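Here is the file my_file_7.csv (CSV, C-alpha atoms).
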```csv
chain,number,residue,atom,x,y,z
A,732,MET,CA,-47.1,-41.0,18.9
A,733,ASN,CA,-44.0,-41.7,16.8
A,734,SER,CA,-44.1,-42.3,13.0
A,735,LEU,CA,-44.9,-45.9,12.1
A,736,SER,CA,-43.3,-47.8,9.3
A,737,ASN,CA,-44.5,-51.0,7.6
A,738,THR,CA,-43.9,-52.0,4.0
A,739,PRO,CA,-46.8,-54.1,2.5
A,740,GLY,CA,-45.9,-56.8,0.1
A,741,SER,CA,-47.8,-57.9,-3.0
A,742,GLU,CA,-50.3,-59.9,-0.9
A,743,GLY,CA,-51.0,-56.8,1.3
A,744,ARG,CA,-51.5,-54.8,-1.9
A,745,ARG,CA,-53.9,-57.4,-3.3
A,746,ARG,CA,-56.0,-57.3,-0.1
A,747,LEU,CA,-56.0,-53.5,-0.1
A,748,LEU,CA,-57.4,-53.3,-3.6
A,749,LEU,CA,-60.1,-55.9,-2.6
A,750,GLY,CA,-61.2,-53.8,0.3
A,751,LEU,CA,-59.7,-52.3,3.4
A,752,ILE,CA,-62.3,-53.3,6.0
A,753,PRO,CA,-64.3,-56.5,6.3
A,754,ALA,CA,-68.0,-56.1,5.6
A,755,SER,CA,-68.9,-56.9,9.2
A,756,LEU,CA,-67.4,-53.5,10.3
A,757,ALA,CA,-69.7,-51.7,9.3
A,758,LEU,CA,-67.5,-17.4,19.2
A,759,GLY,CA,-71.3,-16.3,19.8
A,760,ALA,CA,-71.2,-12.7,21.1
A,761,CYS,CA,-69.3,-12.1,24.4
A,762,ARG,CA,-70.8,-10.3,27.3
A,763,ALA,CA,-68.3,-7.5,27.8
A,764,THR,CA,-67.4,-5.0,30.5
A,765,PRO,CA,-65.4,-1.9,30.1
A,766,GLY,CA,-61.6,-2.4,30.0
A,767,PRO,CA,-58.6,-0.3,29.2
A,768,PRO,CA,-59.2,2.5,26.7
A,769,GLY,CA,-59.8,1.2,23.1
A,770,ARG,CA,-60.9,-2.3,24.1
A,771,THR,CA,-63.4,-4.4,26.0
A,772,VAL,CA,-62.8,-7.3,28.2
A,773,ALA,CA,-65.0,-10.3,27.9
A,774,THR,CA,-66.4,-11.6,31.2
A,775,THR,CA,-67.2,-15.0,29.6
A,776,PRO,CA,-65.0,-17.1,27.3
A,777,PRO,CA,-65.2,-15.9,23.7
A,778,ALA,CA,-67.6,-17.9,21.5
A,779,ALA,CA,-67.7,-17.3,17.8
A,780,PRO,CA,-71.0,-17.9,16.1
A,781,GLY,CA,-70.7,-21.4,14.8
A,782,PRO,CA,-70.8,-22.2,11.0
A,783,GLY,CA,-73.7,-24.0,9.3
A,784,ALA,CA,-77.4,-24.0,9.8
A,785,PRO,CA,-79.0,-21.6,12.3
A,786,ALA,CA,-80.6,-24.4,14.4
A,787,ALA,CA,-79.4,-24.8,17.9
A,788,ALA,CA,-76.1,-26.8,18.2
A,789,PRO,CA,-76.4,-30.2,19.9
A,790,GLY,CA,-75.1,-30.5,23.4
A,791,PRO,CA,-71.7,-31.9,24.3
A,792,GLY,CA,-71.5,-35.5,23.4
A,793,ALA,CA,-74.7,-35.5,21.3
A,794,PRO,CA,-74.6,-38.1,18.5
A,795,VAL,CA,-73.5,-36.9,15.1
A,796,VAL,CA,-74.9,-38.6,12.1
A,797,ALA,CA,-72.2,-39.7,9.7
A,798,ALA,CA,-74.4,-39.5,6.5
A,799,GLY,CA,-75.0,-36.3,4.7
A,800,ALA,CA,-73.9,-34.0,1.9
A,801,HIS,CA,-70.6,-33.4,3.8
A,802,GLN,CA,-68.6,-35.7,6.0
A,803,ALA,CA,-69.0,-35.2,9.7
A,804,GLY,CA,-66.1,-33.7,11.6
A,805,ILE,CA,-65.8,-30.6,9.5
A,806,ASP,CA,-68.7,-28.3,10.3
A,807,ARG,CA,-70.5,-31.0,12.3
A,808,PRO,CA,-70.5,-30.8,15.3
A,809,ARG,CA,-70.4,-27.1,15.3
A,810,GLN,CA,-67.9,-27.0,18.2
A,811,PRO,CA,-65.0,-29.4,17.7
A,812,GLN,CA,-64.9,-32.3,20.2
A,813,GLN,CA,-62.2,-32.2,22.9
A,814,HIS,CA,-60.1,-35.1,21.6
A,815,THR,CA,-58.8,-36.3,18.3
A,816,VAL,CA,-56.6,-39.0,16.9
A,817,LEU,CA,-55.3,-38.2,13.4
A,818,THR,CA,-53.5,-40.8,11.3
A,819,VAL,CA,-52.0,-40.7,7.9
A,820,TYR,CA,-51.6,-43.9,5.9
A,821,GLY,CA,-49.8,-44.8,2.7
A,822,LEU,CA,-51.0,-47.4,0.1
A,823,ALA,CA,-48.9,-50.0,-1.5
A,824,GLU,CA,-46.6,-48.5,-4.2
A,825,GLY,CA,-48.8,-47.6,-7.2
A,826,GLY,CA,-52.0,-48.7,-5.4
A,827,ALA,CA,-55.3,-46.9,-5.6
A,828,PRO,CA,-58.4,-47.6,-3.6
A,829,THR,CA,-61.5,-49.0,-5.4
A,830,ALA,CA,-65.0,-47.7,-4.9
A,831,GLY,CA,-65.7,-50.8,-2.8
A,832,THR,CA,-62.7,-50.1,-0.5
A,833,LEU,CA,-63.9,-46.6,0.5
A,834,GLY,CA,-67.5,-47.7,0.5
A,835,ARG,CA,-66.8,-50.3,3.1
A,836,LEU,CA,-64.8,-47.8,5.1
A,837,GLY,CA,-67.8,-45.5,5.0
A,838,ALA,CA,-70.1,-48.3,6.2
A,839,ALA,CA,-67.7,-49.0,9.1
A,840,ILE,CA,-67.7,-45.3,10.1
A,841,ALA,CA,-71.5,-45.2,10.0
A,842,GLU,CA,-71.8,-48.3,12.2
A,843,LEU,CA,-69.2,-47.0,14.7
A,844,SER,CA,-70.8,-43.5,15.0
A,845,SER,CA,-74.3,-44.9,15.3
A,846,GLY,CA,-73.5,-47.4,18.0
A,847,ALA,CA,-74.2,-50.4,15.8
A,848,ALA,CA,-70.6,-51.6,16.3
A,849,SER,CA,-70.4,-51.0,20.0
A,850,GLY,CA,-68.4,-54.1,20.5
A,851,ARG,CA,-65.5,-52.4,18.8
A,852,LEU,CA,-65.8,-49.6,21.4
A,853,ALA,CA,-65.7,-52.0,24.3
A,854,GLY,CA,-69.4,-51.6,24.8
A,855,MET,CA,-69.2,-47.8,25.2
A,856,SER,CA,-71.6,-45.4,23.6
A,857,PRO,CA,-70.0,-43.5,20.6
A,858,GLY,CA,-71.4,-40.2,21.8
A,859,ASP,CA,-70.3,-37.5,19.4
A,860,LEU,CA,-67.8,-39.7,17.6
A,861,THR,CA,-66.9,-38.5,14.0
A,862,VAL,CA,-64.5,-39.9,11.5
A,863,THR,CA,-63.4,-37.8,8.5
A,864,VAL,CA,-61.6,-39.3,5.5
A,865,GLY,CA,-59.4,-37.7,2.9
A,866,VAL,CA,-57.3,-38.9,0.1
A,867,GLY,CA,-53.9,-37.5,-0.9
A,868,PRO,CA,-52.8,-35.8,-4.2
A,869,ARG,CA,-51.2,-39.0,-5.7
A,870,LEU,CA,-54.6,-40.8,-5.5
A,871,VAL,CA,-56.6,-37.8,-6.8
A,872,SER,CA,-54.1,-37.5,-9.7
A,873,THR,CA,-54.8,-41.1,-10.7
A,874,VAL,CA,-58.3,-40.0,-11.6
A,875,ASP,CA,-57.5,-36.6,-13.1
A,876,PRO,CA,-54.5,-34.4,-12.3
A,877,LYS,CA,-56.6,-31.3,-12.9
A,878,LEU,CA,-59.1,-32.1,-10.1
A,879,PRO,CA,-59.1,-30.2,-6.8
A,880,GLY,CA,-56.8,-32.0,-4.3
A,881,ALA,CA,-54.4,-33.2,-7.0
A,882,ALA,CA,-51.7,-30.6,-6.1
A,883,GLU,CA,-49.1,-31.2,-3.4
A,884,LEU,CA,-48.0,-28.7,-0.9
A,885,PRO,CA,-44.9,-26.7,-1.8
A,886,THR,CA,-41.9,-26.4,0.5
A,887,PHE,CA,-42.1,-23.8,3.3
A,888,ALA,CA,-39.7,-22.4,5.8
A,889,ARG,CA,-38.8,-24.1,9.1
A,890,GLU,CA,-39.8,-27.6,8.2
A,891,GLU,CA,-38.2,-30.8,9.5
A,892,ARG,CA,-39.2,-33.2,6.6
A,893,GLY,CA,-39.3,-36.9,7.3
A,894,GLU,CA,-40.0,-39.6,4.7
A,895,LEU,CA,-43.0,-40.8,6.6
A,896,THR,CA,-44.3,-37.5,8.0
A,897,TRP,CA,-44.7,-35.7,4.7
A,898,GLY,CA,-47.6,-36.3,2.3
A,899,GLY,CA,-49.5,-39.5,2.4
A,900,ASP,CA,-52.4,-41.3,0.6
A,901,LEU,CA,-55.1,-41.6,3.2
A,902,LEU,CA,-56.1,-39.3,6.1
A,903,VAL,CA,-58.4,-40.6,8.9
A,904,GLN,CA,-59.2,-38.1,11.6
A,905,ILE,CA,-61.2,-39.4,14.6
A,906,CYS,CA,-62.8,-36.9,17.0
A,907,ALA,CA,-64.8,-37.5,20.2
A,908,SER,CA,-65.5,-35.8,23.5
A,909,ASP,CA,-64.5,-39.0,25.2
A,910,PRO,CA,-60.8,-39.8,24.7
A,911,LEU,CA,-61.4,-43.5,25.2
A,912,VAL,CA,-64.0,-43.6,22.4
A,913,ALA,CA,-61.6,-41.8,20.1
A,914,GLY,CA,-58.8,-44.2,21.0
A,915,LEU,CA,-60.9,-47.3,20.6
A,916,ALA,CA,-62.3,-46.2,17.3
A,917,ASP,CA,-58.8,-45.5,16.0
A,918,ALA,CA,-57.5,-48.9,17.2
A,919,SER,CA,-60.4,-50.7,15.4
A,920,LEU,CA,-60.1,-48.9,12.1
A,921,SER,CA,-56.3,-48.9,12.2
A,922,ALA,CA,-56.1,-52.7,12.8
A,923,SER,CA,-58.4,-53.3,9.8
A,924,LEU,CA,-56.5,-51.0,7.6
A,925,VAL,CA,-53.1,-52.5,8.6
A,926,ALA,CA,-54.4,-56.0,8.1
A,927,ASP,CA,-55.3,-55.1,4.6
A,928,GLY,CA,-51.9,-53.7,3.7
A,929,CYS,CA,-52.3,-50.1,4.5
A,930,VAL,CA,-49.1,-48.5,5.9
A,931,PRO,CA,-49.4,-46.1,8.9
A,932,ARG,CA,-47.1,-43.3,8.3
A,933,TRP,CA,-47.7,-41.1,11.3
A,934,SER,CA,-50.3,-40.6,14.0
A,935,GLN,CA,-51.0,-37.9,16.5
A,936,PRO,CA,-53.5,-37.5,19.3
A,937,GLY,CA,-54.6,-34.0,20.2
A,938,PHE,CA,-56.7,-32.2,22.8
A,939,ARG,CA,-58.5,-28.9,23.3
A,940,PRO,CA,-60.3,-27.4,26.3
A,941,ALA,CA,-64.1,-27.7,26.7
A,942,GLY,CA,-66.0,-24.6,25.8
A,943,THR,CA,-67.8,-22.9,22.9
A,944,GLY,CA,-66.2,-20.9,20.1
A,945,ALA,CA,-62.5,-20.3,20.2
A,946,VAL,CA,-60.6,-22.1,23.0
A,947,ARG,CA,-57.1,-21.6,24.3
A,948,ASN,CA,-54.0,-23.3,22.9
A,949,LEU,CA,-50.8,-24.1,24.7
A,950,LEU,CA,-49.6,-20.5,24.3
A,951,GLY,CA,-52.6,-19.4,26.4
A,952,PHE,CA,-54.3,-17.5,23.6
A,953,PRO,CA,-57.8,-18.3,22.2
A,954,ASP,CA,-57.3,-20.0,18.8
A,955,GLY,CA,-59.6,-20.3,15.8
A,956,ILE,CA,-61.4,-16.9,16.1
A,957,GLU,CA,-61.1,-15.9,12.4
A,958,ASN,CA,-63.3,-18.7,11.0
A,959,PRO,CA,-66.2,-18.8,8.6
A,960,ARG,CA,-69.3,-17.8,10.7
A,961,SER,CA,-72.2,-18.7,8.5
A,962,ALA,CA,-73.5,-21.2,5.9
A,963,ALA,CA,-72.9,-18.6,3.2
A,964,GLU,CA,-69.2,-18.2,4.2
A,965,LEU,CA,-68.8,-22.0,4.3
A,966,ALA,CA,-70.3,-22.3,0.8
A,967,GLY,CA,-68.0,-19.6,-0.5
A,968,HIS,CA,-64.8,-20.5,1.2
A,969,VAL,CA,-64.8,-24.1,2.3
A,970,TRP,CA,-67.0,-26.5,0.3
A,971,LEU,CA,-66.1,-27.4,-3.3
A,972,PRO,CA,-68.5,-25.9,-5.8
A,973,ALA,CA,-72.0,-27.4,-6.2
A,974,GLY,CA,-72.6,-29.1,-9.5
A,975,GLY,CA,-69.1,-30.5,-9.8
A,976,PRO,CA,-68.1,-34.2,-9.2
A,977,LEU,CA,-66.6,-33.4,-5.8
A,978,ALA,CA,-69.4,-31.1,-4.5
A,979,GLY,CA,-69.6,-31.4,-0.8
A,980,GLY,CA,-65.9,-32.1,-0.4
A,981,THR,CA,-63.2,-29.7,0.7
A,982,ILE,CA,-59.4,-29.4,0.7
A,983,ALA,CA,-57.7,-30.1,4.0
A,984,VAL,CA,-54.2,-29.1,5.2
A,985,VAL,CA,-52.8,-30.9,8.2
A,986,ARG,CA,-49.6,-29.8,9.8
A,987,ARG,CA,-48.0,-30.8,13.1
A,988,LEU,CA,-46.3,-27.7,14.4
A,989,ARG,CA,-43.8,-28.0,17.2
A,990,ILE,CA,-43.8,-24.8,19.2
A,991,ASP,CA,-41.1,-23.6,21.7
A,992,VAL,CA,-43.7,-23.0,24.4
A,993,PRO,CA,-41.2,-22.2,27.2
A,994,GLU,CA,-39.4,-19.6,25.0
A,995,PHE,CA,-42.7,-18.0,24.0
A,996,GLN,CA,-43.9,-17.9,27.6
A,997,ALA,CA,-40.6,-16.3,28.7
A,998,GLN,CA,-41.7,-13.2,26.9
A,999,PRO,CA,-43.6,-10.6,28.9
A,1000,VAL,CA,-47.3,-10.7,28.3
A,1001,SER,CA,-47.3,-7.5,26.4
A,1002,GLY,CA,-44.6,-9.0,24.1
A,1003,GLN,CA,-46.6,-12.1,23.6
A,1004,GLU,CA,-49.6,-10.0,22.7
A,1005,ARG,CA,-47.6,-8.1,20.1
A,1006,VAL,CA,-46.4,-11.4,18.6
A,1007,ILE,CA,-50.0,-12.7,18.3
A,1008,GLY,CA,-51.8,-9.4,17.7
A,1009,ARG,CA,-54.5,-10.1,20.3
A,1010,HIS,CA,-55.0,-9.7,24.1
A,1011,ARG,CA,-54.2,-12.9,25.9
A,1012,ASP,CA,-57.0,-12.6,28.5
A,1013,ASP,CA,-59.9,-12.7,26.1
A,1014,GLY,CA,-58.5,-12.9,22.5
A,1015,SER,CA,-59.7,-9.4,21.6
A,1016,PRO,CA,-57.7,-7.8,18.8
A,1017,LEU,CA,-55.2,-5.1,19.6
A,1018,SER,CA,-57.1,-2.9,17.2
A,1019,GLY,CA,-59.9,-2.8,19.7
A,1020,GLY,CA,-63.4,-4.3,20.2
A,1021,ALA,CA,-64.5,-7.7,21.4
A,1022,ALA,CA,-62.9,-11.1,20.6
A,1023,THR,CA,-65.4,-11.9,17.8
A,1024,ASP,CA,-64.9,-8.5,16.1
A,1025,ARG,CA,-62.9,-8.6,12.8
A,1026,ILE,CA,-59.5,-7.1,13.2
A,1027,ASP,CA,-59.1,-3.5,12.0
A,1028,LEU,CA,-55.8,-3.7,10.1
A,1029,SER,CA,-55.8,0.1,9.5
A,1030,ALA,CA,-56.2,1.1,13.1
A,1031,LYS,CA,-53.3,3.3,14.3
A,1032,THR,CA,-52.1,5.1,17.4
A,1033,PRO,CA,-52.2,8.9,17.5
A,1034,ASP,CA,-48.5,8.9,16.5
A,1035,GLY,CA,-49.2,6.7,13.4
A,1036,ARG,CA,-48.2,3.2,14.6
A,1037,TYR,CA,-50.3,0.2,13.8
A,1038,LEU,CA,-52.2,-1.0,16.8
A,1039,VAL,CA,-51.8,-4.5,15.4
A,1040,PRO,CA,-48.0,-4.7,14.7
A,1041,ALA,CA,-46.8,-5.2,11.2
A,1042,MET,CA,-45.4,-8.6,11.9
A,1043,ALA,CA,-48.1,-9.8,14.4
A,1044,HIS,CA,-49.5,-13.2,13.5
A,1045,ALA,CA,-53.1,-12.0,13.5
A,1046,ARG,CA,-52.1,-9.5,10.8
A,1047,ARG,CA,-49.9,-11.7,8.7
A,1048,ALA,CA,-52.4,-14.6,8.7
A,1049,ASN,CA,-55.5,-12.4,8.1
A,1050,SER,CA,-57.3,-13.3,4.8
A,1051,LEU,CA,-57.5,-9.6,3.8
A,1052,ALA,CA,-53.7,-9.3,4.1
A,1053,SER,CA,-52.8,-12.6,2.4
A,1054,GLY,CA,-55.3,-12.2,-0.5
A,1055,GLY,CA,-56.7,-15.6,0.2
A,1056,GLY,CA,-60.1,-16.8,1.4
A,1057,LEU,CA,-61.2,-17.9,4.8
A,1058,MET,CA,-60.0,-21.2,6.3
A,1059,LEU,CA,-62.2,-23.3,8.6
A,1060,ARG,CA,-59.6,-24.2,11.3
A,1061,ARG,CA,-60.3,-27.0,13.7
A,1062,GLY,CA,-56.9,-27.3,15.4
A,1063,TYR,CA,-55.8,-29.3,18.5
A,1064,SER,CA,-53.0,-28.9,21.0
A,1065,TYR,CA,-50.6,-31.9,21.4
A,1066,ARG,CA,-47.9,-32.8,23.9
A,1067,ASN,CA,-45.6,-35.7,23.2
A,1068,ALA,CA,-42.8,-34.6,25.5
A,1069,PRO,CA,-41.6,-31.4,27.1
A,1070,ASP,CA,-39.6,-30.6,24.0
A,1071,ASP,CA,-42.2,-31.8,21.5
A,1072,GLN,CA,-45.5,-30.0,22.0
A,1073,GLY,CA,-47.5,-27.5,20.0
A,1074,LEU,CA,-50.4,-27.4,17.5
A,1075,LEU,CA,-52.0,-30.0,15.4
A,1076,PHE,CA,-53.1,-27.6,12.7
A,1077,VAL,CA,-56.1,-28.7,10.6
A,1078,SER,CA,-57.8,-26.4,8.1
A,1079,HIS,CA,-60.4,-26.8,5.5
A,1080,GLN,CA,-60.7,-24.6,2.4
A,1081,ARG,CA,-62.1,-24.6,-1.1
A,1082,GLU,CA,-58.8,-23.9,-2.7
A,1083,LEU,CA,-55.3,-25.0,-1.6
A,1084,ARG,CA,-54.1,-21.5,-2.5
A,1085,THR,CA,-56.0,-20.2,0.5
A,1086,PHE,CA,-53.5,-22.0,2.7
A,1087,THR,CA,-50.4,-21.6,0.6
A,1088,ALA,CA,-50.8,-17.9,0.1
A,1089,THR,CA,-51.2,-17.5,3.9
A,1090,GLN,CA,-48.2,-19.7,4.8
A,1091,GLN,CA,-46.0,-18.0,2.2
A,1092,ARG,CA,-46.9,-14.6,3.8
A,1093,LEU,CA,-46.0,-16.0,7.2
A,1094,ASP,CA,-42.7,-17.2,5.9
A,1095,GLU,CA,-42.0,-13.7,4.6
A,1096,GLY,CA,-42.4,-12.2,8.0
A,1097,ASP,CA,-44.3,-13.2,11.1
A,1098,ASP,CA,-43.0,-12.9,14.7
A,1099,LEU,CA,-44.7,-16.1,15.8
A,1100,MET,CA,-42.8,-18.2,13.2
A,1101,ARG,CA,-39.5,-18.1,15.0
A,1102,PHE,CA,-41.1,-20.3,17.7
A,1103,VAL,CA,-42.6,-22.8,15.3
A,1104,THR,CA,-41.3,-25.8,13.3
A,1105,ALA,CA,-43.4,-28.1,11.1
A,1106,THR,CA,-42.6,-31.7,11.8
A,1107,ALA,CA,-45.4,-33.4,9.7
A,1108,SER,CA,-47.5,-32.0,6.8
A,1109,GLY,CA,-49.9,-33.0,4.1
A,1110,THR,CA,-52.9,-32.0,2.0
A,1111,PHE,CA,-55.9,-34.2,1.4
A,1112,LEU,CA,-59.1,-34.1,-0.6
A,1113,ILE,CA,-61.8,-34.6,2.0
A,1114,LEU,CA,-64.3,-36.7,0.1
A,1115,PRO,CA,-67.9,-35.6,-0.4
A,1116,GLY,CA,-70.4,-36.9,2.1
A,1117,PHE,CA,-72.0,-40.3,1.8
A,1118,ASP,CA,-75.1,-42.3,2.7
A,1119,GLY,CA,-76.7,-45.6,1.9
A,1120,ARG,CA,-77.2,-44.7,-1.8
A,1121,ARG,CA,-73.9,-42.9,-2.4
A,1122,PRO,CA,-70.9,-44.8,-0.8
A,1123,LEU,CA,-67.9,-42.9,0.5
A,1124,GLY,CA,-65.5,-42.2,-2.4
A,1125,GLN,CA,-68.0,-43.1,-5.2
A,1126,PRO,CA,-67.9,-39.7,-6.9
A,1127,LEU,CA,-64.1,-40.0,-7.3
A,1128,PHE,CA,-63.4,-43.7,-7.6
A,1129,GLY,CA,-66.7,-45.0,-8.9
A,1130,THR,CA,-66.8,-47.5,-11.8
A,1131,THR,CA,-67.4,-44.7,-14.3
A,1132,SER,CA,-64.2,-42.9,-13.3
A,1133,THR,CA,-61.2,-43.1,-15.6
A,1134,ARG,CA,-58.0,-44.0,-13.7
A,1135,ARG,CA,-54.6,-43.0,-14.9
A,1136,THR,CA,-51.4,-44.9,-13.9
A,1137,PRO,CA,-49.5,-42.9,-11.3
```
Write the structure described by the file as C-alpha cells, please.
Amino acid sequence: MNSLSNTPGSEGRRRLLLGLIPASLALGACRATPGPPGRTVATTPPAAPGPGAPAAAPGPGAPVVAAGAHQAGIDRPRQPQQHTVLTVYGLAEGGAPTAGTLGRLGAAIAELSSGAASGRLAGMSPGDLTVTVGVGPRLVSTVDPKLPGAAELPTFAREERGELTWGGDLLVQICASDPLVAGLADASLSASLVADGCVPRWSQPGFRPAGTGAVRNLLGFPDGIENPRSAAELAGHVWLPAGGPLAGGTIAVVRRLRIDVPEFQAQPVSGQERVIGRHRDDGSPLSGGAATDRIDLSAKTPDGRYLVPAMAHARRANSLASGGGLMLRRGYSYRNAPDDQGLLFVSHQRELRTFTATQQRLDEGDDLMRFVTATASGTFLILPGFDGRRPLGQPLFGTTSTRRTP
C-alpha cells in the first residue's frame, strides 16, 4: 500500500481525545542426515523451539485470547500467523490519547478476536486473529521523557526518509492465518480511527510461508532463527522489567526494508551463503551444525579463515558480536511491485539499544546491506497487556499519570 495522508482539523482532534472507537466496537530440533563435511542437512524444515510456556502450541488458526499480562501477537501465538497488515497512524498535532481512548480500542480488539464482533468480519470466524498496539516516542514523552519507549530511532545508512513513513504516534499490527480476516479487521479498525481524526501515515500488508520455526523469506533463506527460545530469555531480553509501570510491555522496531531481490539472486548460491552466513537449503550456519544450533563465531578453516565470513549478515547481526541482547523477530515478506519488495522487519526487545547497536554494526560493514534500503521506520512502546480490570493503555495514560505538554 502507499503512504496515506490526511490532516485532521480541530473537530477531528476533539473526537480523537474523546475516544477513537465507538463503544459498540467492542525451530524445535531438526531431524538431520549426514551432509557435506562439517555440517548436517535437515530433512524437515527447521523449527526453532518456540518462546514462552512449555505447553503445546495451539494448532494453526486456533483462537488467541487478547487479554493477558502481555498483548497478543508478540509471543502468542508461538508461531507467527501467515498474514499481517501493519499500519502506523499520527494524532492531531499536540494530541495525546486518553485512557478511555485506548481502553475502547482494547475492548474492540477483544471483541474482534473473540468473535463477538463477527459482523465486522463479514460473518467470518476470527480464527487466530491478533491485534498488537504500540504508541510512539512523542506520546510516551508526554508522560515522562525518561520512560522506556520515549527515545526516537537515530539515523542509519541507506534510508529513504519520507515525511509520513518515518516515526508515528500509533502502531496497529493485525495478524491472522486468513488474509481476509486480517484485511477485514484492518478495515474495521482503520475506519473507526480515521473517523475519529487519526491520520494513517503508512500501511503495509505482509506474508510468510506456513510452517513451524523459522520460515523462508524472499531471498530463499530461513529467517528468524536467532530468536529467544524460552520464557527465561523472553523475560531477560524482551519484556520490560517486572515491578515497573510498564511491566509486560516491550519496545518494538518496525522497518520496511526494500531488497534488491533479483540482484541478490543473481549471485551464485555459494556467494549468497557467504553474504548470509548460513546454508540456503536448511539455514544451518556455515560454522557447522544444525539450523537451530547457535553460530560458532570462532570456527575457522585449517588455514585460519573464519567459516562464517567477517562481513556475513549472521555474524554482524549476532548479539554476541553487537554487544546487545536478543531480539524477538516476527518479520514478514512483502511485495508491492517488482521493484518494491523485501522484508517488513518487526522486532521486540527490552531496550532500544539492542536494535540500535545491531543496526549500527550492520552499517559499519555487512555484505547484505548493499542490497537493502529502508523506506519506512519507527519505534513504538508496545503497551502492557490488558483485561476487563486493566484497560489497554491504563498504566501509561491512566488518570493518575502526569502529562507534559509535547
For the contact check between segment 974-1054 of chain A and segment 962-967 of chain A, emit one row per residue of segment 974-1054 of chain A within 12 Å, containing the shortest atom pair and the distance in Å rounded to one decimal, counting all atoms listed in the file, chain then rising number order, as a tab-separated table.
```
residue	atom	partner	partner_atom	distance
A:Ala978	CA	A:Ala966	CA	10.3
A:Gly979	CA	A:Ala966	CA	9.3
A:Gly980	CA	A:Ala966	CA	10.8
A:Thr981	CA	A:Leu965	CA	10.2
```
Length of the atom CA of Arg892 of chain A to atom CA of Ser1108 of chain A vector [Å]: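 Here the two named atoms are 8.4 Å from each other.
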Could you pull the residues within 9 Å of segment 1112-1118 of chain A, counting all atoms listed in the file, minus those fewer than 6 positions along the same chain, as a PyMOL selection string? chain A and resi 797-803+834+837-838+841+863-868+871+879-881+902+971+976-983+1079+1124-1127
Those same residues, written as a PDB file, in the frame of the given file with C-alpha atoms?
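Written file, part22.pdb:
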```pdb
ATOM      1  CA  ALA A 797     -72.200 -39.700   9.700  1.00  0.00           C
ATOM      2  CA  ALA A 798     -74.400 -39.500   6.500  1.00  0.00           C
ATOM      3  CA  GLY A 799     -75.000 -36.300   4.700  1.00  0.00           C
ATOM      4  CA  ALA A 800     -73.900 -34.000   1.900  1.00  0.00           C
ATOM      5  CA  HIS A 801     -70.600 -33.400   3.800  1.00  0.00           C
ATOM      6  CA  GLN A 802     -68.600 -35.700   6.000  1.00  0.00           C
ATOM      7  CA  ALA A 803     -69.000 -35.200   9.700  1.00  0.00           C
ATOM      8  CA  GLY A 834     -67.500 -47.700   0.500  1.00  0.00           C
ATOM      9  CA  GLY A 837     -67.800 -45.500   5.000  1.00  0.00           C
ATOM     10  CA  ALA A 838     -70.100 -48.300   6.200  1.00  0.00           C
ATOM     11  CA  ALA A 841     -71.500 -45.200  10.000  1.00  0.00           C
ATOM     12  CA  THR A 863     -63.400 -37.800   8.500  1.00  0.00           C
ATOM     13  CA  VAL A 864     -61.600 -39.300   5.500  1.00  0.00           C
ATOM     14  CA  GLY A 865     -59.400 -37.700   2.900  1.00  0.00           C
ATOM     15  CA  VAL A 866     -57.300 -38.900   0.100  1.00  0.00           C
ATOM     16  CA  GLY A 867     -53.900 -37.500  -0.900  1.00  0.00           C
ATOM     17  CA  PRO A 868     -52.800 -35.800  -4.200  1.00  0.00           C
ATOM     18  CA  VAL A 871     -56.600 -37.800  -6.800  1.00  0.00           C
ATOM     19  CA  PRO A 879     -59.100 -30.200  -6.800  1.00  0.00           C
ATOM     20  CA  GLY A 880     -56.800 -32.000  -4.300  1.00  0.00           C
ATOM     21  CA  ALA A 881     -54.400 -33.200  -7.000  1.00  0.00           C
ATOM     22  CA  LEU A 902     -56.100 -39.300   6.100  1.00  0.00           C
ATOM     23  CA  LEU A 971     -66.100 -27.400  -3.300  1.00  0.00           C
ATOM     24  CA  PRO A 976     -68.100 -34.200  -9.200  1.00  0.00           C
ATOM     25  CA  LEU A 977     -66.600 -33.400  -5.800  1.00  0.00           C
ATOM     26  CA  ALA A 978     -69.400 -31.100  -4.500  1.00  0.00           C
ATOM     27  CA  GLY A 979     -69.600 -31.400  -0.800  1.00  0.00           C
ATOM     28  CA  GLY A 980     -65.900 -32.100  -0.400  1.00  0.00           C
ATOM     29  CA  THR A 981     -63.200 -29.700   0.700  1.00  0.00           C
ATOM     30  CA  ILE A 982     -59.400 -29.400   0.700  1.00  0.00           C
ATOM     31  CA  ALA A 983     -57.700 -30.100   4.000  1.00  0.00           C
ATOM     32  CA  HIS A1079     -60.400 -26.800   5.500  1.00  0.00           C
ATOM     33  CA  GLY A1124     -65.500 -42.200  -2.400  1.00  0.00           C
ATOM     34  CA  GLN A1125     -68.000 -43.100  -5.200  1.00  0.00           C
ATOM     35  CA  PRO A1126     -67.900 -39.700  -6.900  1.00  0.00           C
ATOM     36  CA  LEU A1127     -64.100 -40.000  -7.300  1.00  0.00           C
TER      37      LEU A1127
END
```
Taking 3 positions as the minimum chain separation for residues in the same chain, which residues sit within 9 Å of Leu1028 of chain A when counting all atoms listed in the file? Answer as an MDAnalysis selection string. chainID A and resid 1018 1031 1037:1039 1046 1049 1051:1052
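Proximity ranking of A:Ile956, A:Leu901, A:Ala926, A:Leu915 relative to Thr1023 of chain A places A:Ile956 first, based on all atoms listed in the file.
Rounded to one decimal, atom CA of Gly1054 of chain A and atom CA of Phe1086 of chain A lie 10.5 Å from each other.
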